[in-house]
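J.: For reference, this is final_27.pdb, and it has PDB, C-alpha atoms and all ligand atoms.
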```pdb
ATOM      1  CA  MET A   1     -36.590 -64.041 -14.035
ATOM      2  CA  ARG A   2     -34.892 -60.638 -14.001
ATOM      3  CA  LYS A   3     -32.928 -59.201 -16.915
ATOM      4  CA  ASP A   4     -29.823 -58.620 -14.770
ATOM      5  CA  PHE A   5     -27.877 -60.266 -11.941
ATOM      6  CA  LEU A   6     -26.780 -57.313  -9.801
ATOM      7  CA  SER A   7     -27.625 -58.605  -6.333
ATOM      8  CA  ALA A   8     -27.682 -62.080  -4.816
ATOM      9  CA  THR A   9     -31.441 -61.564  -4.418
ATOM     10  CA  ASP A  10     -31.992 -61.088  -8.161
ATOM     11  CA  LEU A  11     -32.554 -64.865  -8.306
ATOM     12  CA  THR A  12     -35.085 -66.751  -6.204
ATOM     13  CA  ALA A  13     -34.131 -69.921  -4.340
ATOM     14  CA  ALA A  14     -35.901 -71.909  -7.091
ATOM     15  CA  GLU A  15     -33.907 -70.072  -9.782
ATOM     16  CA  TYR A  16     -30.675 -70.820  -7.887
ATOM     17  CA  ARG A  17     -31.611 -74.502  -7.793
ATOM     18  CA  SER A  18     -32.086 -74.490 -11.592
ATOM     19  CA  LEU A  19     -28.816 -72.585 -11.998
ATOM     20  CA  PHE A  20     -26.937 -75.113  -9.850
ATOM     21  CA  ALA A  21     -28.474 -78.020 -11.788
ATOM     22  CA  LEU A  22     -27.400 -76.444 -15.104
ATOM     23  CA  ALA A  23     -23.916 -75.731 -13.703
ATOM     24  CA  GLY A  24     -23.667 -79.395 -12.701
ATOM     25  CA  GLU A  25     -24.684 -80.504 -16.210
ATOM     26  CA  LEU A  26     -22.163 -78.157 -17.833
ATOM     27  CA  ARG A  27     -19.447 -79.477 -15.528
ATOM     28  CA  ARG A  28     -20.183 -83.074 -16.574
ATOM     29  CA  GLN A  29     -20.564 -82.477 -20.320
ATOM     30  CA  ARG A  30     -17.531 -83.102 -22.519
ATOM     31  CA  SER A  31     -19.046 -80.963 -25.296
ATOM     32  CA  PRO A  32     -20.844 -77.987 -23.762
ATOM     33  CA  PRO A  33     -23.663 -76.318 -25.697
ATOM     34  CA  ARG A  34     -22.484 -73.698 -28.222
ATOM     35  CA  ASP A  35     -25.519 -71.467 -27.642
ATOM     36  CA  LEU A  36     -23.335 -68.363 -27.454
ATOM     37  CA  ALA A  37     -21.632 -68.900 -30.841
ATOM     38  CA  GLY A  38     -21.136 -65.519 -32.477
ATOM     39  CA  ARG A  39     -22.104 -63.728 -29.259
ATOM     40  CA  THR A  40     -19.954 -61.278 -27.311
ATOM     41  CA  LEU A  41     -19.625 -60.498 -23.610
ATOM     42  CA  ALA A  42     -18.236 -57.051 -22.708
ATOM     43  CA  MET A  43     -16.238 -57.249 -19.459
ATOM     44  CA  ILE A  44     -15.777 -53.881 -17.722
ATOM     45  CA  PHE A  45     -13.256 -53.740 -14.879
ATOM     46  CA  GLU A  46     -12.636 -50.800 -12.543
ATOM     47  CA  LYS A  47     -10.573 -53.094 -10.257
ATOM     48  CA  PRO A  48      -8.060 -55.969 -10.699
ATOM     49  CA  SER A  49      -9.116 -59.618 -11.039
ATOM     50  CA  LEU A  50      -7.805 -63.126 -11.671
ATOM     51  CA  ARG A  51     -10.735 -65.487 -11.063
ATOM     52  CA  THR A  52     -13.548 -63.309 -12.353
ATOM     53  CA  ARG A  53     -11.837 -62.298 -15.536
ATOM     54  CA  VAL A  54     -10.555 -65.755 -16.446
ATOM     55  CA  THR A  55     -13.745 -67.631 -15.564
ATOM     56  CA  PHE A  56     -15.998 -65.288 -17.536
ATOM     57  CA  GLU A  57     -13.631 -65.215 -20.499
ATOM     58  CA  ALA A  58     -13.014 -68.980 -20.535
ATOM     59  CA  GLY A  59     -16.721 -69.581 -19.927
ATOM     60  CA  MET A  60     -17.698 -67.537 -22.989
ATOM     61  CA  THR A  61     -15.119 -69.376 -25.111
ATOM     62  CA  GLN A  62     -16.391 -72.763 -23.947
ATOM     63  CA  LEU A  63     -19.965 -71.768 -24.867
ATOM     64  CA  GLY A  64     -18.856 -70.793 -28.373
ATOM     65  CA  GLY A  65     -18.747 -67.029 -27.781
ATOM     66  CA  HIS A  66     -16.141 -64.366 -27.206
ATOM     67  CA  ALA A  67     -15.336 -61.907 -24.406
ATOM     68  CA  VAL A  68     -13.853 -58.407 -24.700
ATOM     69  CA  TYR A  69     -11.816 -57.229 -21.716
ATOM     70  CA  LEU A  70     -12.138 -53.508 -21.000
ATOM     71  CA  ALA A  71      -9.509 -52.401 -18.470
ATOM     72  CA  PRO A  72     -10.077 -49.408 -16.174
ATOM     73  CA  ALA A  73      -7.890 -47.143 -18.285
ATOM     74  CA  ASP A  74      -9.535 -48.262 -21.551
ATOM     75  CA  ILE A  75     -12.962 -46.738 -21.150
ATOM     76  CA  GLY A  76     -12.834 -44.419 -18.115
ATOM     77  CA  LEU A  77     -16.328 -45.464 -17.017
ATOM     78  CA  GLY A  78     -18.131 -42.328 -15.826
ATOM     79  CA  SER A  79     -15.153 -40.051 -16.480
ATOM     80  CA  ARG A  80     -14.356 -40.337 -20.192
ATOM     81  CA  GLU A  81     -18.087 -40.630 -20.796
ATOM     82  CA  PRO A  82     -21.219 -41.163 -18.704
ATOM     83  CA  VAL A  83     -22.010 -44.692 -17.522
ATOM     84  CA  ALA A  84     -25.338 -44.594 -19.386
ATOM     85  CA  ASP A  85     -23.620 -43.727 -22.675
ATOM     86  CA  VAL A  86     -21.346 -46.754 -22.256
ATOM     87  CA  GLY A  87     -24.434 -48.963 -21.860
ATOM     88  CA  ARG A  88     -26.181 -47.349 -24.845
ATOM     89  CA  ASN A  89     -23.127 -47.986 -27.031
ATOM     90  CA  LEU A  90     -22.573 -51.561 -25.864
ATOM     91  CA  GLU A  91     -26.157 -52.614 -26.616
ATOM     92  CA  ARG A  92     -25.559 -51.778 -30.288
ATOM     93  CA  TRP A  93     -22.626 -54.226 -30.479
ATOM     94  CA  VAL A  94     -22.629 -56.993 -27.883
ATOM     95  CA  ASP A  95     -25.018 -59.470 -26.236
ATOM     96  CA  LEU A  96     -24.094 -59.534 -22.553
ATOM     97  CA  VAL A  97     -22.239 -57.240 -20.133
ATOM     98  CA  MET A  98     -20.435 -57.862 -16.864
ATOM     99  CA  ALA A  99     -18.922 -55.121 -14.726
ATOM    100  CA  ARG A 100     -16.662 -54.924 -11.675
ATOM    101  CA  THR A 101     -17.104 -51.496 -10.146
ATOM    102  CA  PHE A 102     -16.423 -49.421  -7.078
ATOM    103  CA  ALA A 103     -19.857 -47.827  -6.491
ATOM    104  CA  HIS A 104     -22.748 -50.287  -6.705
ATOM    105  CA  VAL A 105     -24.847 -47.602  -8.376
ATOM    106  CA  THR A 106     -22.496 -47.780 -11.367
ATOM    107  CA  VAL A 107     -23.505 -51.340 -12.182
ATOM    108  CA  GLU A 108     -27.162 -50.423 -11.550
ATOM    109  CA  ASP A 109     -26.904 -47.416 -13.892
ATOM    110  CA  LEU A 110     -25.305 -49.587 -16.543
ATOM    111  CA  ALA A 111     -28.143 -52.110 -16.281
ATOM    112  CA  ALA A 112     -30.787 -49.378 -16.418
ATOM    113  CA  SER A 113     -29.208 -47.765 -19.468
ATOM    114  CA  CYS A 114     -29.326 -50.774 -21.793
ATOM    115  CA  SER A 115     -31.509 -53.683 -22.735
ATOM    116  CA  LEU A 116     -28.655 -56.195 -22.338
ATOM    117  CA  PRO A 117     -28.368 -58.568 -19.381
ATOM    118  CA  VAL A 118     -25.822 -57.033 -16.972
ATOM    119  CA  VAL A 119     -23.935 -59.071 -14.352
ATOM    120  CA  ASN A 120     -22.383 -57.605 -11.204
ATOM    121  CA  ALA A 121     -18.865 -59.046 -11.145
ATOM    122  CA  LEU A 122     -18.200 -57.357  -7.750
ATOM    123  CA  SER A 123     -19.113 -53.925  -6.521
ATOM    124  CA  ASP A 124     -18.341 -52.312  -3.174
ATOM    125  CA  LEU A 125     -21.737 -53.579  -1.976
ATOM    126  CA  GLU A 126     -22.026 -57.145  -3.336
ATOM    127  CA  HIS A 127     -20.274 -60.039  -5.075
ATOM    128  CA  PRO A 128     -23.190 -62.258  -6.123
ATOM    129  CA  CYS A 129     -21.259 -64.438  -8.610
ATOM    130  CA  GLN A 130     -18.978 -65.410  -5.739
ATOM    131  CA  SER A 131     -21.832 -66.303  -3.381
ATOM    132  CA  ALA A 132     -23.528 -68.343  -6.116
ATOM    133  CA  ALA A 133     -20.315 -70.363  -6.640
ATOM    134  CA  ASP A 134     -19.915 -70.730  -2.869
ATOM    135  CA  PHE A 135     -23.397 -72.131  -2.321
ATOM    136  CA  LEU A 136     -22.906 -74.508  -5.258
ATOM    137  CA  THR A 137     -19.689 -75.639  -3.545
ATOM    138  CA  LEU A 138     -21.540 -76.271  -0.285
ATOM    139  CA  LEU A 139     -24.206 -78.196  -2.189
ATOM    140  CA  ASP A 140     -21.463 -80.301  -3.821
ATOM    141  CA  HIS A 141     -19.829 -81.097  -0.498
ATOM    142  CA  ARG A 142     -22.899 -81.523   1.729
ATOM    143  CA  GLY A 143     -25.357 -82.898  -0.808
ATOM    144  CA  SER A 144     -27.952 -80.400   0.454
ATOM    145  CA  LEU A 145     -28.251 -76.835   1.679
ATOM    146  CA  ASP A 146     -30.874 -77.783   4.272
ATOM    147  CA  GLY A 147     -30.116 -76.914   7.885
ATOM    148  CA  LEU A 148     -26.924 -75.058   6.957
ATOM    149  CA  ARG A 149     -25.136 -73.170   9.751
ATOM    150  CA  PHE A 150     -22.847 -70.648   8.080
ATOM    151  CA  ALA A 151     -20.213 -68.638   9.977
ATOM    152  CA  TYR A 152     -18.561 -65.587   8.432
ATOM    153  CA  VAL A 153     -15.596 -64.094  10.288
ATOM    154  CA  GLY A 154     -14.026 -60.754   9.398
ATOM    155  CA  ASP A 155     -15.155 -57.725   7.431
ATOM    156  CA  GLY A 156     -18.866 -57.188   6.755
ATOM    157  CA  ASN A 157     -18.022 -56.464   3.124
ATOM    158  CA  ASN A 158     -19.350 -57.142  -0.387
ATOM    159  CA  VAL A 159     -18.686 -60.890  -0.161
ATOM    160  CA  CYS A 160     -20.293 -61.094   3.289
ATOM    161  CA  HIS A 161     -23.361 -59.218   2.029
ATOM    162  CA  SER A 162     -23.984 -61.567  -0.901
ATOM    163  CA  LEU A 163     -23.394 -64.646   1.270
ATOM    164  CA  LEU A 164     -25.869 -63.338   3.865
ATOM    165  CA  LEU A 165     -28.517 -62.655   1.220
ATOM    166  CA  THR A 166     -28.058 -66.075  -0.390
ATOM    167  CA  ALA A 167     -28.195 -67.748   3.030
ATOM    168  CA  ALA A 168     -31.461 -65.891   3.682
ATOM    169  CA  LEU A 169     -32.985 -67.166   0.414
ATOM    170  CA  PHE A 170     -32.065 -70.748   1.337
ATOM    171  CA  GLY A 171     -33.346 -70.480   4.921
ATOM    172  CA  ALA A 172     -29.894 -70.974   6.462
ATOM    173  CA  GLU A 173     -28.548 -69.885   9.835
ATOM    174  CA  PHE A 174     -26.025 -67.090   9.228
ATOM    175  CA  ARG A 175     -23.617 -65.929  11.925
ATOM    176  CA  ALA A 176     -21.364 -62.937  11.235
ATOM    177  CA  ALA A 177     -18.488 -62.084  13.580
ATOM    178  CA  THR A 178     -17.156 -58.625  12.753
ATOM    179  CA  PRO A 179     -15.404 -55.876  14.707
ATOM    180  CA  ALA A 180     -17.578 -52.982  15.892
ATOM    181  CA  GLY A 181     -18.082 -50.569  13.023
ATOM    182  CA  TYR A 182     -17.348 -53.199  10.344
ATOM    183  CA  GLY A 183     -20.633 -55.101  10.312
ATOM    184  CA  VAL A 184     -23.101 -55.597   7.478
ATOM    185  CA  THR A 185     -24.915 -52.521   6.221
ATOM    186  CA  ASP A 186     -28.429 -51.768   7.450
ATOM    187  CA  GLY A 187     -29.871 -52.044   3.939
ATOM    188  CA  VAL A 188     -28.504 -55.551   3.405
ATOM    189  CA  ARG A 189     -29.663 -56.701   6.868
ATOM    190  CA  GLU A 190     -33.172 -55.430   6.107
ATOM    191  CA  ARG A 191     -33.192 -57.022   2.672
ATOM    192  CA  ALA A 192     -32.107 -60.357   4.189
ATOM    193  CA  ARG A 193     -35.034 -60.202   6.603
ATOM    194  CA  VAL A 194     -37.464 -59.420   3.758
ATOM    195  CA  VAL A 195     -36.324 -62.325   1.545
ATOM    196  CA  GLY A 196     -35.498 -64.750   4.387
ATOM    197  CA  ALA A 197     -37.077 -68.188   3.879
ATOM    198  CA  PRO A 198     -38.329 -70.240   6.849
ATOM    199  CA  GLY A 199     -35.310 -71.323   8.914
ATOM    200  CA  PHE A 200     -33.289 -68.193   8.168
ATOM    201  CA  SER A 201     -31.716 -66.519  11.172
ATOM    202  CA  LEU A 202     -29.007 -63.907  11.555
ATOM    203  CA  LEU A 203     -26.619 -63.651  14.481
ATOM    204  CA  GLU A 204     -24.347 -60.607  14.506
ATOM    205  CA  THR A 205     -21.586 -60.723  17.078
ATOM    206  CA  HIS A 206     -18.126 -59.342  17.818
ATOM    207  CA  ASP A 207     -17.029 -62.791  19.068
ATOM    208  CA  PRO A 208     -15.618 -65.169  16.403
ATOM    209  CA  ALA A 209     -15.991 -68.161  18.753
ATOM    210  CA  GLU A 210     -19.733 -67.509  19.128
ATOM    211  CA  ALA A 211     -20.145 -67.444  15.344
ATOM    212  CA  VAL A 212     -18.039 -70.522  14.612
ATOM    213  CA  ARG A 213     -19.236 -72.891  17.360
ATOM    214  CA  GLY A 214     -21.009 -75.825  15.645
ATOM    215  CA  ALA A 215     -20.897 -74.182  12.194
ATOM    216  CA  ASP A 216     -20.916 -76.227   8.956
ATOM    217  CA  ALA A 217     -18.990 -73.606   6.970
ATOM    218  CA  VAL A 218     -16.389 -71.127   8.193
ATOM    219  CA  TYR A 219     -15.797 -68.325   5.692
ATOM    220  CA  THR A 220     -13.423 -65.398   5.712
ATOM    221  CA  ASP A 221     -12.241 -62.736   3.264
ATOM    222  CA  VAL A 222      -9.466 -60.153   3.145
ATOM    223  CA  TRP A 223      -9.492 -57.451   5.812
ATOM    224  CA  THR A 224      -8.764 -54.740   3.240
ATOM    225  CA  SER A 225     -10.877 -54.847   0.102
ATOM    226  CA  MET A 226      -9.915 -53.297  -3.220
ATOM    227  CA  GLY A 227     -10.196 -49.534  -2.916
ATOM    228  CA  GLN A 228      -9.516 -49.495   0.862
ATOM    229  CA  GLU A 229      -5.715 -49.761   0.619
ATOM    230  CA  ALA A 230      -5.152 -46.518   2.563
ATOM    231  CA  GLU A 231      -6.841 -48.134   5.592
ATOM    232  CA  ALA A 232      -4.747 -51.333   5.504
ATOM    233  CA  ALA A 233      -2.586 -50.680   8.599
ATOM    234  CA  GLU A 234      -5.565 -49.672  10.740
ATOM    235  CA  ARG A 235      -7.562 -52.647   9.504
ATOM    236  CA  ARG A 236      -4.745 -55.096  10.339
ATOM    237  CA  ARG A 237      -4.882 -53.792  13.915
ATOM    238  CA  VAL A 238      -8.692 -53.872  14.240
ATOM    239  CA  PHE A 239      -9.145 -57.277  12.612
ATOM    240  CA  ALA A 240      -6.269 -59.119  14.364
ATOM    241  CA  PRO A 241      -8.674 -61.004  16.734
ATOM    242  CA  TYR A 242     -10.713 -62.167  13.710
ATOM    243  CA  GLN A 243      -8.187 -64.557  12.185
ATOM    244  CA  VAL A 244      -9.462 -67.977  11.080
ATOM    245  CA  ASN A 245      -6.881 -70.345  12.598
ATOM    246  CA  ALA A 246      -6.716 -73.917  13.893
ATOM    247  CA  ALA A 247      -7.894 -72.973  17.402
ATOM    248  CA  LEU A 248     -10.994 -71.195  16.063
ATOM    249  CA  LEU A 249     -11.759 -74.003  13.613
ATOM    250  CA  GLU A 250     -11.691 -76.517  16.504
ATOM    251  CA  LEU A 251     -15.010 -75.006  17.628
ATOM    252  CA  ALA A 252     -16.763 -75.742  14.329
ATOM    253  CA  ASN A 253     -18.603 -78.902  13.362
ATOM    254  CA  SER A 254     -16.052 -81.682  12.664
ATOM    255  CA  GLU A 255     -17.311 -81.764   9.032
ATOM    256  CA  ALA A 256     -17.045 -77.982   8.628
ATOM    257  CA  ARG A 257     -15.703 -76.612   5.357
ATOM    258  CA  VAL A 258     -13.238 -73.724   5.321
ATOM    259  CA  MET A 259     -14.069 -71.173   2.653
ATOM    260  CA  HIS A 260     -12.425 -68.080   1.178
ATOM    261  CA  CYS A 261     -13.213 -66.269  -2.073
ATOM    262  CA  LEU A 262      -9.474 -65.638  -2.759
ATOM    263  CA  PRO A 263      -7.091 -63.923  -3.074
ATOM    264  CA  ALA A 264      -6.057 -64.810   0.512
ATOM    265  CA  HIS A 265      -3.568 -63.031   2.711
ATOM    266  CA  ARG A 266      -1.966 -65.908   4.592
ATOM    267  CA  GLY A 267      -1.110 -64.948   8.164
ATOM    268  CA  GLU A 268      -3.745 -62.188   8.210
ATOM    269  CA  GLU A 269      -7.392 -63.278   7.919
ATOM    270  CA  ILE A 270      -6.456 -66.980   7.655
ATOM    271  CA  THR A 271      -3.448 -69.056   8.666
ATOM    272  CA  PRO A 272      -1.602 -71.074   5.979
ATOM    273  CA  ASP A 273      -2.295 -74.419   7.721
ATOM    274  CA  VAL A 274      -6.063 -73.800   7.700
ATOM    275  CA  LEU A 275      -6.129 -72.489   4.130
ATOM    276  CA  GLU A 276      -4.178 -75.536   2.917
ATOM    277  CA  GLY A 277      -5.780 -77.978   5.381
ATOM    278  CA  PRO A 278      -8.102 -80.934   4.667
ATOM    279  CA  ARG A 279     -11.263 -78.941   5.360
ATOM    280  CA  SER A 280     -10.423 -76.188   2.897
ATOM    281  CA  VAL A 281     -12.571 -76.046  -0.257
ATOM    282  CA  VAL A 282     -11.199 -72.767  -1.585
ATOM    283  CA  PHE A 283     -10.101 -74.130  -4.966
ATOM    284  CA  ASP A 284     -13.443 -75.897  -5.425
ATOM    285  CA  GLN A 285     -15.051 -72.487  -4.905
ATOM    286  CA  ALA A 286     -12.724 -71.017  -7.516
ATOM    287  CA  GLU A 287     -13.520 -73.833  -9.977
ATOM    288  CA  ASN A 288     -17.243 -73.392  -9.434
ATOM    289  CA  ARG A 289     -17.003 -69.741 -10.483
ATOM    290  CA  LEU A 290     -16.537 -71.104 -14.011
ATOM    291  CA  HIS A 291     -19.437 -73.571 -13.933
ATOM    292  CA  VAL A 292     -21.968 -71.326 -12.224
ATOM    293  CA  GLN A 293     -21.158 -68.316 -14.414
ATOM    294  CA  LYS A 294     -21.471 -70.396 -17.591
ATOM    295  CA  ALA A 295     -24.903 -71.441 -16.337
ATOM    296  CA  LEU A 296     -25.699 -67.809 -15.530
ATOM    297  CA  LEU A 297     -24.604 -66.528 -18.947
ATOM    298  CA  LEU A 298     -26.703 -69.178 -20.694
ATOM    299  CA  THR A 299     -29.726 -68.509 -18.488
ATOM    300  CA  LEU A 300     -29.579 -64.726 -18.858
ATOM    301  CA  PHE A 301     -29.000 -64.995 -22.604
ATOM    302  CA  ARG A 302     -31.893 -67.427 -23.147
ATOM    303  CA  ASN A 303     -34.104 -65.101 -21.067
ATOM    304  CA  ARG A 304     -32.896 -61.843 -22.697
ATOM    305  CA  PRO A 305     -35.398 -59.244 -23.816
ATOM    306  CA  HIS A 306     -36.434 -59.632 -27.439
ATOM    307  CA  GLY A 307     -35.725 -56.965 -29.976
ATOM    308  CA  LEU A 308     -32.253 -55.922 -28.809
ATOM    309  CA  PRO A 309     -31.111 -52.854 -30.785
ATOM    310  CA  ARG A 310     -28.318 -54.781 -32.476
ATOM    311  CA  GLU A 311     -30.763 -57.399 -33.687
ATOM    312  CA  ARG A 312     -32.988 -54.976 -35.626
ATOM    313  CA  PRO A 313     -32.078 -52.897 -38.660
ATOM    314  CA  ILE A 314     -31.370 -49.182 -38.145
ATOM    315  CA  LEU A 315     -33.575 -48.325 -41.103
ATOM    316  CA  ALA A 316     -36.616 -50.491 -41.625
TER     317      ALA A 316
HETATM  318  N1  LIG B   1     -12.810 -64.089  -5.876
HETATM  319  C1  LIG B   1     -12.645 -63.206  -6.874
HETATM  320  O1  LIG B   1     -13.581 -62.533  -7.320
HETATM  321  O2  LIG B   1     -11.370 -63.156  -7.367
HETATM  322  P1  LIG B   1     -10.790 -62.052  -8.389
HETATM  323  O3  LIG B   1     -10.789 -60.730  -7.652
HETATM  324  O4  LIG B   1      -9.419 -62.541  -8.725
HETATM  325  O5  LIG B   1     -11.682 -61.980  -9.586
HETATM  326  N1  LIG B   2     -13.779 -58.200  -0.565
HETATM  327  C1  LIG B   2     -12.785 -58.361  -1.601
HETATM  328  C2  LIG B   2     -13.167 -59.490  -2.500
HETATM  329  C3  LIG B   2     -12.187 -59.785  -3.610
HETATM  330  C4  LIG B   2     -12.624 -60.891  -4.512
HETATM  331  C5  LIG B   2     -12.607 -57.067  -2.362
HETATM  332  O1  LIG B   2     -13.612 -56.406  -2.646
HETATM  333  O2  LIG B   2     -11.467 -56.700  -2.663
END
```
For the structure just supplied, provide its representation as structure tokens.
Ligand code: CP
Ligand code: NVA
T.:
Amino acid sequence: MRKDFLSATDLTAAEYRSLFALAGELRRQRSPPRDLAGRTLAMIFEKPSLRTRVTFEAGMTQLGGHAVYLAPADIGLGSREPVADVGRNLERWVDLVMARTFAHVTVEDLAASCSLPVVNALSDLEHPCQSAADFLTLLDHRGSLDGLRFAYVGDGNNVCHSLLLTAALFGAEFRAATPAGYGVTDGVRERARVVGAPGFSLLETHDPAEAVRGADAVYTDVWTSMGQEAEAAERRRVFAPYQVNAALLELANSEARVMHCLPAHRGEEITPDVLEGPRSVVFDQAENRLHVQKALLLTLFRNRPHGLPRERPILA
């Protein structure tokens, strides 16, 4: 097991299965374990958040611990002081770190600079906590991840990358319909092929209908991610044919689940009737962020390196 959770491929399929089992137990228990009593999670945000912030903070509270929210203006990660210095300070005080960053290398540098477990809470490249919650949601609804046909429609962004990598680990069929120039990055495609379990396949197309036909899950995300606001008008034009609406959903398996990481822009990437419709599981996904991240915090903490700086005296 790795020290950090920076990419969806930092856990194996077997480790995801254990994580999902623990998340299920935590969800059922009226009195969750208090293993994190007296422990602190530092939460670094370079971007806004509702779900990520609240689920990590509530999750720490429920496990007996405490979370400290560090807003973009509070610490000036990489500008007020180097990323590595932030990590080297935090390891003297806290037990776990999560960070939402622009550049993916920022969360990697943070992890490399300290002996604490570091969680990627969304970077421009990946959103692995989201994909973990999403696959738990599919497991809840389907009872199994075997033979999964997953369609992603829209921007080949951070969420798409982590979903693709998780699908690869579970040997799923992944179809991505994106406009030309907005597909998945080469590095993520290559990584998916390297980690792909038997059964994994990747279809990349510009045709949403080709991706969605017969799919078990139809997933979309915003057309303009955080940090891309200046491109919003151009993106609305380019992505207009990639809306998840009732006509597109007709092509999917009759049992297909509609998924979205939220926040959603109704009338852009998804129509209100589909988002609110009977096949939508978007609020189950949001709920599962809490359960899966509690399981992740417990797992990373129990597996943490021994001899953390804050656990040994400065002078022997
Ligand atoms: N899905 C998700 O990560 O939501 P927030 O940006 O609100 O945290
Ligand atoms: N792709 C979106 C996900 C938000 C949870 C973004 O990065 O803004």
J.: Would you work out the distance separating CA of Asn245 in chain A from CA of Pro208 in chain A, expressed in Å to one decimal?
T.: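 Between these atoms lies a distance of 10.8 Å.
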J.: Can you tell me how far CA of Arg39 in chain A sits from atom O3 of ligand LIG 1 (chain B), in Å to one decimal?
T.: 24.6 Å
J.: Taking (-8.6, -54.8, 15.1) as a centre in this file's frame and 12 Å as the limit, can you find every polymer residue with an atom that close, using all atoms listed in the file, and give them as JSON, numbers by chain?
T.: {"A": [154, 155, 178, 179, 180, 181, 182, 206, 223, 224, 231, 232, 233, 234, 235, 236, 237, 238, 239, 240, 241, 242, 243, 268, 269]}
J.: Would you save the residues of that selection, restricted to C-alpha atoms, as an mmCIF file, in the coordinates of the input?
T.:
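Resulting contents of result-v4.cif:
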```
data_model
loop_
_atom_site.group_PDB
_atom_site.id
_atom_site.type_symbol
_atom_site.label_atom_id
_atom_site.label_comp_id
_atom_site.auth_asym_id
_atom_site.auth_seq_id
_atom_site.Cartn_x
_atom_site.Cartn_y
_atom_site.Cartn_z
ATOM 1 C CA GLY A 154 -14.026 -60.754 9.398
ATOM 2 C CA ASP A 155 -15.155 -57.725 7.431
ATOM 3 C CA THR A 178 -17.156 -58.625 12.753
ATOM 4 C CA PRO A 179 -15.404 -55.876 14.707
ATOM 5 C CA ALA A 180 -17.578 -52.982 15.892
ATOM 6 C CA GLY A 181 -18.082 -50.569 13.023
ATOM 7 C CA TYR A 182 -17.348 -53.199 10.344
ATOM 8 C CA HIS A 206 -18.126 -59.342 17.818
ATOM 9 C CA TRP A 223 -9.492 -57.451 5.812
ATOM 10 C CA THR A 224 -8.764 -54.740 3.240
ATOM 11 C CA GLU A 231 -6.841 -48.134 5.592
ATOM 12 C CA ALA A 232 -4.747 -51.333 5.504
ATOM 13 C CA ALA A 233 -2.586 -50.680 8.599
ATOM 14 C CA GLU A 234 -5.565 -49.672 10.740
ATOM 15 C CA ARG A 235 -7.562 -52.647 9.504
ATOM 16 C CA ARG A 236 -4.745 -55.096 10.339
ATOM 17 C CA ARG A 237 -4.882 -53.792 13.915
ATOM 18 C CA VAL A 238 -8.692 -53.872 14.240
ATOM 19 C CA PHE A 239 -9.145 -57.277 12.612
ATOM 20 C CA ALA A 240 -6.269 -59.119 14.364
ATOM 21 C CA PRO A 241 -8.674 -61.004 16.734
ATOM 22 C CA TYR A 242 -10.713 -62.167 13.710
ATOM 23 C CA GLN A 243 -8.187 -64.557 12.185
ATOM 24 C CA GLU A 268 -3.745 -62.188 8.210
ATOM 25 C CA GLU A 269 -7.392 -63.278 7.919
#
```
J.: Up to 7 Å from (-20.3, -63.9, -0.3) in the file's coordinates: name the residues, counting only C-alpha atoms, as a list in words.
T.: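 Within 7 Å of (-20.3, -63.9, -0.3), the protein and nucleic acid residues are His127, Pro128, Gln130, Ser131, Asn158, Val159, Cys160, His161, Ser162, Leu163 and Leu164 of chain A.
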J.: Listed atoms of ligand LIG 2 (chain B), axis-aligned box, 4 Å per side: centre and edge lengths to one decimal in Å, as AutoDock Vina command-line options?
T.:
```
--center_x -12.6 --center_y -58.6 --center_z -2.5 --size_x 10.3 --size_y 12.5 --size_z 11.9
```
J.: Please supply range 56-65 of chain A, rebuilt with N, CA and C atoms, as an mmCIF file, in the frame of the given file.
T.:
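Output file selection36.cif is given in full below:
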```
data_model
loop_
_atom_site.group_PDB
_atom_site.id
_atom_site.type_symbol
_atom_site.label_atom_id
_atom_site.label_comp_id
_atom_site.auth_asym_id
_atom_site.auth_seq_id
_atom_site.Cartn_x
_atom_site.Cartn_y
_atom_site.Cartn_z
ATOM 1 N N PHE A 56 -15.026 -65.806 -16.568
ATOM 2 C CA PHE A 56 -15.998 -65.288 -17.536
ATOM 3 C C PHE A 56 -15.470 -65.438 -18.967
ATOM 4 N N GLU A 57 -14.179 -65.160 -19.140
ATOM 5 C CA GLU A 57 -13.631 -65.215 -20.499
ATOM 6 C C GLU A 57 -13.578 -66.658 -20.996
ATOM 7 N N ALA A 58 -13.069 -67.562 -20.142
ATOM 8 C CA ALA A 58 -13.014 -68.980 -20.535
ATOM 9 C C ALA A 58 -14.427 -69.531 -20.712
ATOM 10 N N GLY A 59 -15.339 -69.110 -19.841
ATOM 11 C CA GLY A 59 -16.721 -69.581 -19.927
ATOM 12 C C GLY A 59 -17.354 -69.202 -21.253
ATOM 13 N N MET A 60 -17.156 -67.965 -21.692
ATOM 14 C CA MET A 60 -17.698 -67.537 -22.989
ATOM 15 C C MET A 60 -17.089 -68.370 -24.117
ATOM 16 N N THR A 61 -15.782 -68.579 -24.063
ATOM 17 C CA THR A 61 -15.119 -69.376 -25.111
ATOM 18 C C THR A 61 -15.717 -70.781 -25.163
ATOM 19 N N GLN A 62 -15.883 -71.385 -23.986
ATOM 20 C CA GLN A 62 -16.391 -72.763 -23.947
ATOM 21 C C GLN A 62 -17.824 -72.855 -24.466
ATOM 22 N N LEU A 63 -18.577 -71.772 -24.374
ATOM 23 C CA LEU A 63 -19.965 -71.768 -24.867
ATOM 24 C C LEU A 63 -20.042 -71.280 -26.317
ATOM 25 N N GLY A 64 -18.877 -71.136 -26.951
ATOM 26 C CA GLY A 64 -18.856 -70.793 -28.373
ATOM 27 C C GLY A 64 -18.749 -69.308 -28.647
ATOM 28 N N GLY A 65 -18.753 -68.478 -27.595
ATOM 29 C CA GLY A 65 -18.747 -67.029 -27.781
ATOM 30 C C GLY A 65 -17.372 -66.423 -27.536
#
```
